[in-house]
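Each remark here refers to the structure printed beneath this line.
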Amino acid sequence: MVRSHAKLTLGPLNFHWPAAVRRDFYARIADEAPVDTVVLGEVVCSKRAPFFDSHIPEVAERLRRAGKEVVLGSLALVMQARERQAVLDLAADSDILVEANDLTAVAACAGRPHAIGPLVAVYNPGTLELMARQGATRVCLPGELTADAITALSRTALVTGTEIEVQAFGRLPLAISARCYHARAHGLHKDGCRYVCEKHPDGMDLDTLDGTPFLAVNGVQTLSGSYLDLLADVGPLSTLGVGRFRLSPQDCDMVAVAETFRAVLDGDVPVAPAQQRLRNLCPGRRFSNGFLHGVEGKSYRASVRGV
Amino acid sequence: MTARPPLAASPLSLVCPAGTPAALDAALEAGADAVYCGFADATNARNFPGLNFSHKEMRAAVDRTHRAGRGLYIAINTFPRAGEEETWHQAVDAAAEAGADAVILADLGLLSYAQATHPALRLHLSVQAAASTPEAIRYLAQAFGVQRVVLPRVLTLAEVTALTAAVAPVETEVFAFGGMCVMAEGRCQLSSYVTGQSPNTHGVCSPPAAVQFRREAGGDISARLNDITIDRHAAGSPAGYPTLCKGRFRANGTTGYLFEEPTSLNAADHIPGLIAGGVRALKIEGRQRGRAYVTRVVGEFRRAIDAAVAGGFRMPDLASEMEGGRATAGAYDRRWR
């Protein structure tokens, strides 16, 4: 097996973990996780940002000292004046690469190097070329894209010199809303939410009436009930030109998750035992990769190899 | 057909759905200032069987609409699939050739194509593009010449008003009635997670081909999407269409409509506020709905707008046209959040 040069990105933490837990989490990532890049910043709910914003400089410094690149993700849904200002302030900080997660940030970052997050609609080469012309050096693609679309976008990215990133692990961000479903499920409104989302560090399970696990609610965000697992697909995808894979933090041993993906990319461990290890690391979780294979995202299909 | 003043004379333009030529005629008859339509393929976000217009039907529709002194917009508001961009480019070309008054686009690459290829074609930004701030809208106006923005259904009335003032002369258009996404539009992959098809990729949400109704052991009827149960009803009681985000689910020990009840948006009582706030156009959702819906809803909104302009606004009665007979003002009311 050929050693892949593909890099690993630890995506933004979607969940509302207490500040002390977050600091410990990133300290361990800095010391132990074989990831190349870490995306910091609150991307889901601006009400949570004050709890951790003041810790970000220290955490970023620690990650950099450990040799990691630090990227700051912008808020996914921007509505209020203070949220707009936060995005503008973020974009004005020229020392740090910003990952734009909505069109406010895309506008604010235009004209200088930046990254595009998976919550911005980049579905085709025409849009990718446009983003690249405006300064996007890296684009993490939307989760629902198929391997064929990723292949076409990767070809364009070779020409534009853009790095293509694809999420490979964790719950998929499927939707964002002005309404807080976490608060709603607790009989509350967003304005008086009492930060009930903190109760569910891996998202609040949402099941069907039959009791089938289905989705996970995380404040204003809706995530997949299953975890994405592209262990069988990262090899073929990196051959197709995908330069980075994103691991989305879940409430599990993310250092071990990163080691597992790195080992498969490096050809040190075959896919099957790596998949078994991943399942052992996330007991009780279901895994999916259907989007990549052009079918419903919640399903799991065999590798794209040979397709 | 009653002669109505041309588009520009109305302070709040009434933009109405036309899924078929018959619905288009009904909308014009009932007092639409403008209608919006799509081509019969995946380029528009209501890609349902039996709906939408061939290129020939579209040319005829533009002619009829213009003879009535109104405007016709063509929604090409899905995201071109990689490798199939030509289909979307041809749709923009066909809209320009048909003489459409505007195209409603969501994809930035397609906006760029339209601007470069048809510089005289008026560009509206679809709600699917998810532009929710002055910064985003000004950027789209500068980069592509976008002249009107359909606002995401995430903003309160106060935010809509402030945004409208901030982006002028770019016009704003807001949804006033009909089916309502509770998730930010153009950013929702729930449908493809369950069925493989989403608004962004295929122009459909919770597609009919994935719907099954199943009789359970106790006699109840389950409404399912692919193999996911969306809701359950006693046999004989009316079962609504299983739209994903309007289903009943379990979370935190409770069972209920965790996202939203089966309900329709009705912002009619905000008409005076929207006029005062400088909003340019009101949009009625429902290209998948029939003539009767279009006639009734457009007619009621026509009368409500005219009365509001004359200073005598009264709330229209549209309970019969609402999903489950229920309405919400959605995000326009801050408490909805």
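Chain labels follow the order of the structure tokens: the first chain is A, the next B, and so on; residue numbering restarts at 1 in every chain, and ligands are counted from 1 in their shown order.
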
Per residue of chain B within 6 Å of chain A, what are the shortest atom pair and its distance in Å to one decimal, counting only C-alpha atoms, with rows by chain and residue number, as a Markdown table?
| residue | atom | partner | partner_atom | distance |
| --- | --- | --- | --- | --- |
| B:Arg81 | CA | A:Asn124 | CA | 5.9 |
| B:Ala82 | CA | A:Asn124 | CA | 4.4 |
| B:Leu108 | CA | A:Thr127 | CA | 5.7 |
| B:Gly109 | CA | A:Thr127 | CA | 4.0 |
| B:Glu135 | CA | A:Thr104 | CA | 5.5 |
| B:Ala136 | CA | A:Thr104 | CA | 4.4 |
| B:Tyr139 | CA | A:Ala107 | CA | 5.7 |
| B:Val154 | CA | A:Ala178 | CA | 5.1 |
| B:Met183 | CA | A:Ser177 | CA | 4.5 |
| B:Ala184 | CA | A:Ser177 | CA | 5.1 |
| B:Arg187 | CA | A:Ala175 | CA | 6.0 |
| B:Cys188 | CA | A:Ala175 | CA | 4.5 |
| B:Gln189 | CA | A:Leu174 | CA | 4.8 |
| B:Leu190 | CA | A:Leu174 | CA | 5.7 |
| B:Ser192 | CA | A:Glu296 | CA | 5.6 |
| B:Tyr193 | CA | A:Gly297 | CA | 4.1 |
| B:Val194 | CA | A:Glu296 | CA | 5.3 |
| B:Thr195 | CA | A:Glu296 | CA | 4.8 |
| B:Gly196 | CA | A:Glu296 | CA | 3.7 |
| B:Thr229 | CA | A:Thr208 | CA | 5.9 |
| B:Phe249 | CA | A:Thr208 | CA | 4.8 |
| B:Arg250 | CA | A:Asp207 | CA | 5.0 |
| B:Ala251 | CA | A:Leu206 | CA | 4.8 |
| B:Arg337 | CA | A:Arg179 | CA | 3.9 |

Contacts of A:Gly235 within 8 Å, only C-alpha atoms, excl. fewer than 5 positions in-chain, as a VMD selection string | chain A and resid 4 264 to 265

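Within 10 Å of B:Ala100, once only C-alpha atoms are used and residues closer than 2 positions along the same chain are dropped, the contacting residues are Tyr36, Cys37, Met58, Arg59, Ala61, Val62, Asp63, Thr65, His66, Gly71, Leu72, Tyr73, Ile74, Val92, Ala94, Ala95, Ala96, Glu97, Ala98, Ala102, Val103, Leu121 and Arg122 of chain B.
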
Write the residues of the preceding selection, restricted to N, CA and C atoms, as an mmCIF file, in the first residue's frame.
data_model
loop_
_atom_site.group_PDB
_atom_site.id
_atom_site.type_symbol
_atom_site.label_atom_id
_atom_site.label_comp_id
_atom_site.auth_asym_id
_atom_site.auth_seq_id
_atom_site.Cartn_x
_atom_site.Cartn_y
_atom_site.Cartn_z
ATOM 1 N N TYR B 36 -43.607 33.120 -10.487
ATOM 2 C CA TYR B 36 -42.325 32.435 -10.664
ATOM 3 C C TYR B 36 -42.561 30.987 -11.029
ATOM 4 N N CYS B 37 -41.723 30.492 -11.961
ATOM 5 C CA CYS B 37 -41.882 29.173 -12.548
ATOM 6 C C CYS B 37 -40.523 28.502 -12.625
ATOM 7 N N MET B 58 -42.668 27.709 -21.506
ATOM 8 C CA MET B 58 -42.147 28.873 -20.795
ATOM 9 C C MET B 58 -42.217 30.121 -21.678
ATOM 10 N N ARG B 59 -41.880 29.967 -22.964
ATOM 11 C CA ARG B 59 -41.948 31.136 -23.864
ATOM 12 C C ARG B 59 -43.390 31.649 -23.947
ATOM 13 N N ALA B 61 -45.668 31.247 -21.681
ATOM 14 C CA ALA B 61 -46.033 31.799 -20.371
ATOM 15 C C ALA B 61 -45.516 33.231 -20.228
ATOM 16 N N VAL B 62 -44.300 33.468 -20.693
ATOM 17 C CA VAL B 62 -43.737 34.829 -20.631
ATOM 18 C C VAL B 62 -44.604 35.779 -21.463
ATOM 19 N N ASP B 63 -45.004 35.326 -22.659
ATOM 20 C CA ASP B 63 -45.834 36.176 -23.518
ATOM 21 C C ASP B 63 -47.154 36.520 -22.832
ATOM 22 N N THR B 65 -47.884 36.478 -19.664
ATOM 23 C CA THR B 65 -47.658 37.292 -18.461
ATOM 24 C C THR B 65 -47.382 38.747 -18.852
ATOM 25 N N HIS B 66 -46.582 38.917 -19.870
ATOM 26 C CA HIS B 66 -46.257 40.287 -20.299
ATOM 27 C C HIS B 66 -47.468 40.994 -20.906
ATOM 28 N N GLY B 71 -44.880 40.438 -14.326
ATOM 29 C CA GLY B 71 -43.526 39.920 -14.507
ATOM 30 C C GLY B 71 -43.464 38.412 -14.326
ATOM 31 N N LEU B 72 -42.489 37.766 -14.981
ATOM 32 C CA LEU B 72 -42.297 36.331 -14.807
ATOM 33 C C LEU B 72 -40.831 36.063 -14.460
ATOM 34 N N TYR B 73 -40.642 35.385 -13.331
ATOM 35 C CA TYR B 73 -39.298 35.018 -12.890
ATOM 36 C C TYR B 73 -39.127 33.515 -13.046
ATOM 37 N N ILE B 74 -37.927 33.095 -13.410
ATOM 38 C CA ILE B 74 -37.666 31.659 -13.551
ATOM 39 C C ILE B 74 -36.674 31.214 -12.482
ATOM 40 N N VAL B 92 -30.410 28.759 -17.866
ATOM 41 C CA VAL B 92 -30.229 30.219 -17.809
ATOM 42 C C VAL B 92 -30.337 30.811 -19.215
ATOM 43 N N ALA B 94 -31.995 29.578 -21.723
ATOM 44 C CA ALA B 94 -33.397 29.479 -22.151
ATOM 45 C C ALA B 94 -34.248 30.553 -21.480
ATOM 46 N N ALA B 95 -33.941 30.859 -20.219
ATOM 47 C CA ALA B 95 -34.689 31.905 -19.508
ATOM 48 C C ALA B 95 -34.457 33.259 -20.178
ATOM 49 N N ALA B 96 -33.220 33.522 -20.546
ATOM 50 C CA ALA B 96 -32.907 34.786 -21.222
ATOM 51 C C ALA B 96 -33.611 34.857 -22.571
ATOM 52 N N GLU B 97 -33.571 33.739 -23.308
ATOM 53 C CA GLU B 97 -34.205 33.712 -24.634
ATOM 54 C C GLU B 97 -35.712 33.867 -24.528
ATOM 55 N N ALA B 98 -36.302 33.301 -23.481
ATOM 56 C CA ALA B 98 -37.759 33.367 -23.320
ATOM 57 C C ALA B 98 -38.210 34.772 -22.925
ATOM 58 N N ALA B 102 -36.617 37.981 -14.717
ATOM 59 C CA ALA B 102 -35.490 37.713 -13.821
ATOM 60 C C ALA B 102 -35.287 36.207 -13.745
ATOM 61 N N VAL B 103 -34.089 35.812 -13.386
ATOM 62 C CA VAL B 103 -33.862 34.424 -12.976
ATOM 63 C C VAL B 103 -33.529 34.440 -11.489
ATOM 64 N N LEU B 121 -29.631 40.257 -18.198
ATOM 65 C CA LEU B 121 -30.621 39.454 -17.465
ATOM 66 C C LEU B 121 -30.615 39.845 -15.994
ATOM 67 N N ARG B 122 -31.805 40.141 -15.464
ATOM 68 C CA ARG B 122 -31.927 40.550 -14.066
ATOM 69 C C ARG B 122 -31.748 39.320 -13.159
#

From the DSSP assignment of the backbone, select every residue of stretch 38-262 of chain A that is strand (DSSP E or B), and format the answer as a ChimeraX atom specification.
-> /A:38-40,69-73,97-100,114-116,136-140,163-176,204-207,213-218,221-229,244-247

Between B:Glu216, B:Ala162, B:Gly247, B:Ala23, which one has atoms that come closest to B:Ala235, using only C-alpha atoms?
-> B:Glu216

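Residues surrounding A:Glu198 within 7 Å are A:His16, A:Trp17, A:Tyr195, A:Val196, A:His200, A:Pro201 [only C-alpha atoms; sequence separation below 2 positions excluded].
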
Suppose we keep N, CA and C atoms; can you now write the selection as a PDB file, in the first residue's frame?
ATOM      1  N   HIS A  16     -21.415  21.752  22.974  1.00  0.00           N
ATOM      2  CA  HIS A  16     -21.179  22.747  24.019  1.00  0.00           C
ATOM      3  C   HIS A  16     -20.562  22.059  25.228  1.00  0.00           C
ATOM      4  N   TRP A  17     -19.248  21.820  25.155  1.00  0.00           N
ATOM      5  CA  TRP A  17     -18.535  21.224  26.274  1.00  0.00           C
ATOM      6  C   TRP A  17     -18.097  22.337  27.224  1.00  0.00           C
ATOM      7  N   TYR A 195     -28.847  27.003  28.390  1.00  0.00           N
ATOM      8  CA  TYR A 195     -27.711  26.214  27.875  1.00  0.00           C
ATOM      9  C   TYR A 195     -27.920  24.724  28.106  1.00  0.00           C
ATOM     10  N   VAL A 196     -29.144  24.261  27.836  1.00  0.00           N
ATOM     11  CA  VAL A 196     -29.445  22.843  28.053  1.00  0.00           C
ATOM     12  C   VAL A 196     -28.640  21.942  27.110  1.00  0.00           C
ATOM     13  N   HIS A 200     -25.710  17.320  26.685  1.00  0.00           N
ATOM     14  CA  HIS A 200     -25.483  16.241  25.719  1.00  0.00           C
ATOM     15  C   HIS A 200     -24.177  16.480  24.964  1.00  0.00           C
ATOM     16  N   PRO A 201     -23.061  16.020  25.515  1.00  0.00           N
ATOM     17  CA  PRO A 201     -21.748  16.302  24.921  1.00  0.00           C
ATOM     18  C   PRO A 201     -21.521  15.627  23.572  1.00  0.00           C
TER      19      PRO A 201
END

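The closest residue to A:Asp36, picked from A:Val70, A:Ile56, A:Ile96, A:Ala49 and counting only C-alpha atoms, is A:Val70.
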
Pick out the residues sitting within 8 Å of B:Gly203, and hand them over as a PyMOL selection string; count only C-alpha atoms, and ignore anything fewer than 6 positions along from it in its own chain.
-> chain B and resi 42-47+78+197

Keeping C-alpha atoms, export the residues of the selection given above as an mmCIF file, in the first residue's frame.
data_model
loop_
_atom_site.group_PDB
_atom_site.id
_atom_site.type_symbol
_atom_site.label_atom_id
_atom_site.label_comp_id
_atom_site.auth_asym_id
_atom_site.auth_seq_id
_atom_site.Cartn_x
_atom_site.Cartn_y
_atom_site.Cartn_z
ATOM 1 C CA ALA B 42 -33.584 19.202 -11.610
ATOM 2 C CA THR B 43 -32.638 22.863 -12.130
ATOM 3 C CA ASN B 44 -35.430 24.058 -9.862
ATOM 4 C CA ALA B 45 -36.301 23.294 -6.255
ATOM 5 C CA ARG B 46 -39.807 21.936 -6.999
ATOM 6 C CA ASN B 47 -38.761 19.095 -9.274
ATOM 7 C CA THR B 78 -30.656 24.156 -7.252
ATOM 8 C CA GLN B 197 -32.203 13.226 -2.796
#

Quick check for you: according to DSSP on this backbone, which residues of stretch 85-145 of chain A are classed as alpha helix (DSSP H)? Reply as a PDB file with N, CA and C atoms, in the first residue's frame.
ATOM      1  N   GLN A  85     -20.540  41.340  13.561  1.00  0.00           N
ATOM      2  CA  GLN A  85     -19.298  41.982  13.989  1.00  0.00           C
ATOM      3  C   GLN A  85     -18.240  40.943  14.333  1.00  0.00           C
ATOM      4  N   ALA A  86     -18.665  39.861  14.977  1.00  0.00           N
ATOM      5  CA  ALA A  86     -17.707  38.804  15.329  1.00  0.00           C
ATOM      6  C   ALA A  86     -17.067  38.211  14.078  1.00  0.00           C
ATOM      7  N   VAL A  87     -17.869  38.036  13.021  1.00  0.00           N
ATOM      8  CA  VAL A  87     -17.327  37.495  11.767  1.00  0.00           C
ATOM      9  C   VAL A  87     -16.343  38.489  11.146  1.00  0.00           C
ATOM     10  N   LEU A  88     -16.707  39.778  11.152  1.00  0.00           N
ATOM     11  CA  LEU A  88     -15.818  40.789  10.570  1.00  0.00           C
ATOM     12  C   LEU A  88     -14.508  40.872  11.351  1.00  0.00           C
ATOM     13  N   ASP A  89     -14.606  40.796  12.674  1.00  0.00           N
ATOM     14  CA  ASP A  89     -13.398  40.835  13.510  1.00  0.00           C
ATOM     15  C   ASP A  89     -12.499  39.631  13.219  1.00  0.00           C
ATOM     16  N   LEU A  90     -13.133  38.476  13.085  1.00  0.00           N
ATOM     17  CA  LEU A  90     -12.386  37.250  12.797  1.00  0.00           C
ATOM     18  C   LEU A  90     -11.640  37.392  11.460  1.00  0.00           C
ATOM     19  N   ALA A  91     -12.361  37.876  10.455  1.00  0.00           N
ATOM     20  CA  ALA A  91     -11.763  38.000   9.120  1.00  0.00           C
ATOM     21  C   ALA A  91     -10.652  39.041   9.100  1.00  0.00           C
ATOM     22  N   ALA A  92     -10.723  40.022  10.013  1.00  0.00           N
ATOM     23  CA  ALA A  92      -9.722  41.090  10.040  1.00  0.00           C
ATOM     24  C   ALA A  92      -8.421  40.636  10.695  1.00  0.00           C
ATOM     25  N   LEU A 103     -21.964  33.025   3.974  1.00  0.00           N
ATOM     26  CA  LEU A 103     -21.606  34.002   2.943  1.00  0.00           C
ATOM     27  C   LEU A 103     -21.122  35.320   3.534  1.00  0.00           C
ATOM     28  N   THR A 104     -21.476  35.610   4.788  1.00  0.00           N
ATOM     29  CA  THR A 104     -20.940  36.804   5.448  1.00  0.00           C
ATOM     30  C   THR A 104     -19.424  36.682   5.545  1.00  0.00           C
ATOM     31  N   ALA A 105     -18.973  35.522   5.977  1.00  0.00           N
ATOM     32  CA  ALA A 105     -17.533  35.289   6.115  1.00  0.00           C
ATOM     33  C   ALA A 105     -16.866  35.164   4.747  1.00  0.00           C
ATOM     34  N   VAL A 106     -17.558  34.531   3.789  1.00  0.00           N
ATOM     35  CA  VAL A 106     -17.006  34.450   2.425  1.00  0.00           C
ATOM     36  C   VAL A 106     -16.750  35.861   1.906  1.00  0.00           C
ATOM     37  N   ALA A 107     -17.719  36.757   2.122  1.00  0.00           N
ATOM     38  CA  ALA A 107     -17.571  38.149   1.666  1.00  0.00           C
ATOM     39  C   ALA A 107     -16.427  38.830   2.402  1.00  0.00           C
ATOM     40  N   ALA A 108     -16.363  38.616   3.717  1.00  0.00           N
ATOM     41  CA  ALA A 108     -15.362  39.316   4.526  1.00  0.00           C
ATOM     42  C   ALA A 108     -13.947  38.812   4.244  1.00  0.00           C
ATOM     43  N   CYS A 109     -13.815  37.569   3.807  1.00  0.00           N
ATOM     44  CA  CYS A 109     -12.489  36.983   3.558  1.00  0.00           C
ATOM     45  C   CYS A 109     -12.022  37.163   2.112  1.00  0.00           C
ATOM     46  N   PRO A 125     -17.496  22.560 -10.054  1.00  0.00           N
ATOM     47  CA  PRO A 125     -16.244  23.232 -10.395  1.00  0.00           C
ATOM     48  C   PRO A 125     -16.392  24.741 -10.620  1.00  0.00           C
ATOM     49  N   GLY A 126     -17.514  25.179 -11.184  1.00  0.00           N
ATOM     50  CA  GLY A 126     -17.683  26.612 -11.430  1.00  0.00           C
ATOM     51  C   GLY A 126     -17.625  27.410 -10.136  1.00  0.00           C
ATOM     52  N   THR A 127     -18.292  26.915  -9.126  1.00  0.00           N
ATOM     53  CA  THR A 127     -18.285  27.609  -7.835  1.00  0.00           C
ATOM     54  C   THR A 127     -16.928  27.487  -7.158  1.00  0.00           C
ATOM     55  N   LEU A 128     -16.294  26.332  -7.303  1.00  0.00           N
ATOM     56  CA  LEU A 128     -14.953  26.157  -6.732  1.00  0.00           C
ATOM     57  C   LEU A 128     -13.961  27.145  -7.357  1.00  0.00           C
ATOM     58  N   GLU A 129     -14.024  27.291  -8.688  1.00  0.00           N
ATOM     59  CA  GLU A 129     -13.133  28.246  -9.379  1.00  0.00           C
ATOM     60  C   GLU A 129     -13.352  29.655  -8.855  1.00  0.00           C
ATOM     61  N   LEU A 130     -14.623  30.003  -8.676  1.00  0.00           N
ATOM     62  CA  LEU A 130     -14.955  31.331  -8.162  1.00  0.00           C
ATOM     63  C   LEU A 130     -14.364  31.541  -6.764  1.00  0.00           C
ATOM     64  N   MET A 131     -14.541  30.552  -5.903  1.00  0.00           N
ATOM     65  CA  MET A 131     -14.008  30.641  -4.544  1.00  0.00           C
ATOM     66  C   MET A 131     -12.481  30.783  -4.588  1.00  0.00           C
ATOM     67  N   ALA A 132     -11.848  30.006  -5.449  1.00  0.00           N
ATOM     68  CA  ALA A 132     -10.382  30.051  -5.558  1.00  0.00           C
ATOM     69  C   ALA A 132      -9.928  31.436  -6.034  1.00  0.00           C
ATOM     70  N   ARG A 133     -10.635  32.015  -7.000  1.00  0.00           N
ATOM     71  CA  ARG A 133     -10.291  33.363  -7.489  1.00  0.00           C
ATOM     72  C   ARG A 133     -10.367  34.389  -6.368  1.00  0.00           C
TER      73      ARG A 133
END

Mind checking which residues fall within 10 Å of B:Gly290, counting only C-alpha atoms, ignoring those fewer than 4 positions away in the same chain, and posting them as a PyMOL selection string?
-> chain B and resi 17-20+22-23+26+286+294-295

For B:Ala129, please output as an mmCIF file with C-alpha atoms, in the first residue's frame all residues within 7 Å (counting only C-alpha atoms; exclusion window: fewer than 5 positions along the same chain).
data_model
loop_
_atom_site.group_PDB
_atom_site.id
_atom_site.type_symbol
_atom_site.label_atom_id
_atom_site.label_comp_id
_atom_site.auth_asym_id
_atom_site.auth_seq_id
_atom_site.Cartn_x
_atom_site.Cartn_y
_atom_site.Cartn_z
ATOM 1 C CA ALA B 106 -28.676 30.119 -5.680
ATOM 2 C CA ASP B 107 -25.310 28.794 -6.886
ATOM 3 C CA GLY B 186 -30.118 25.660 0.898
#
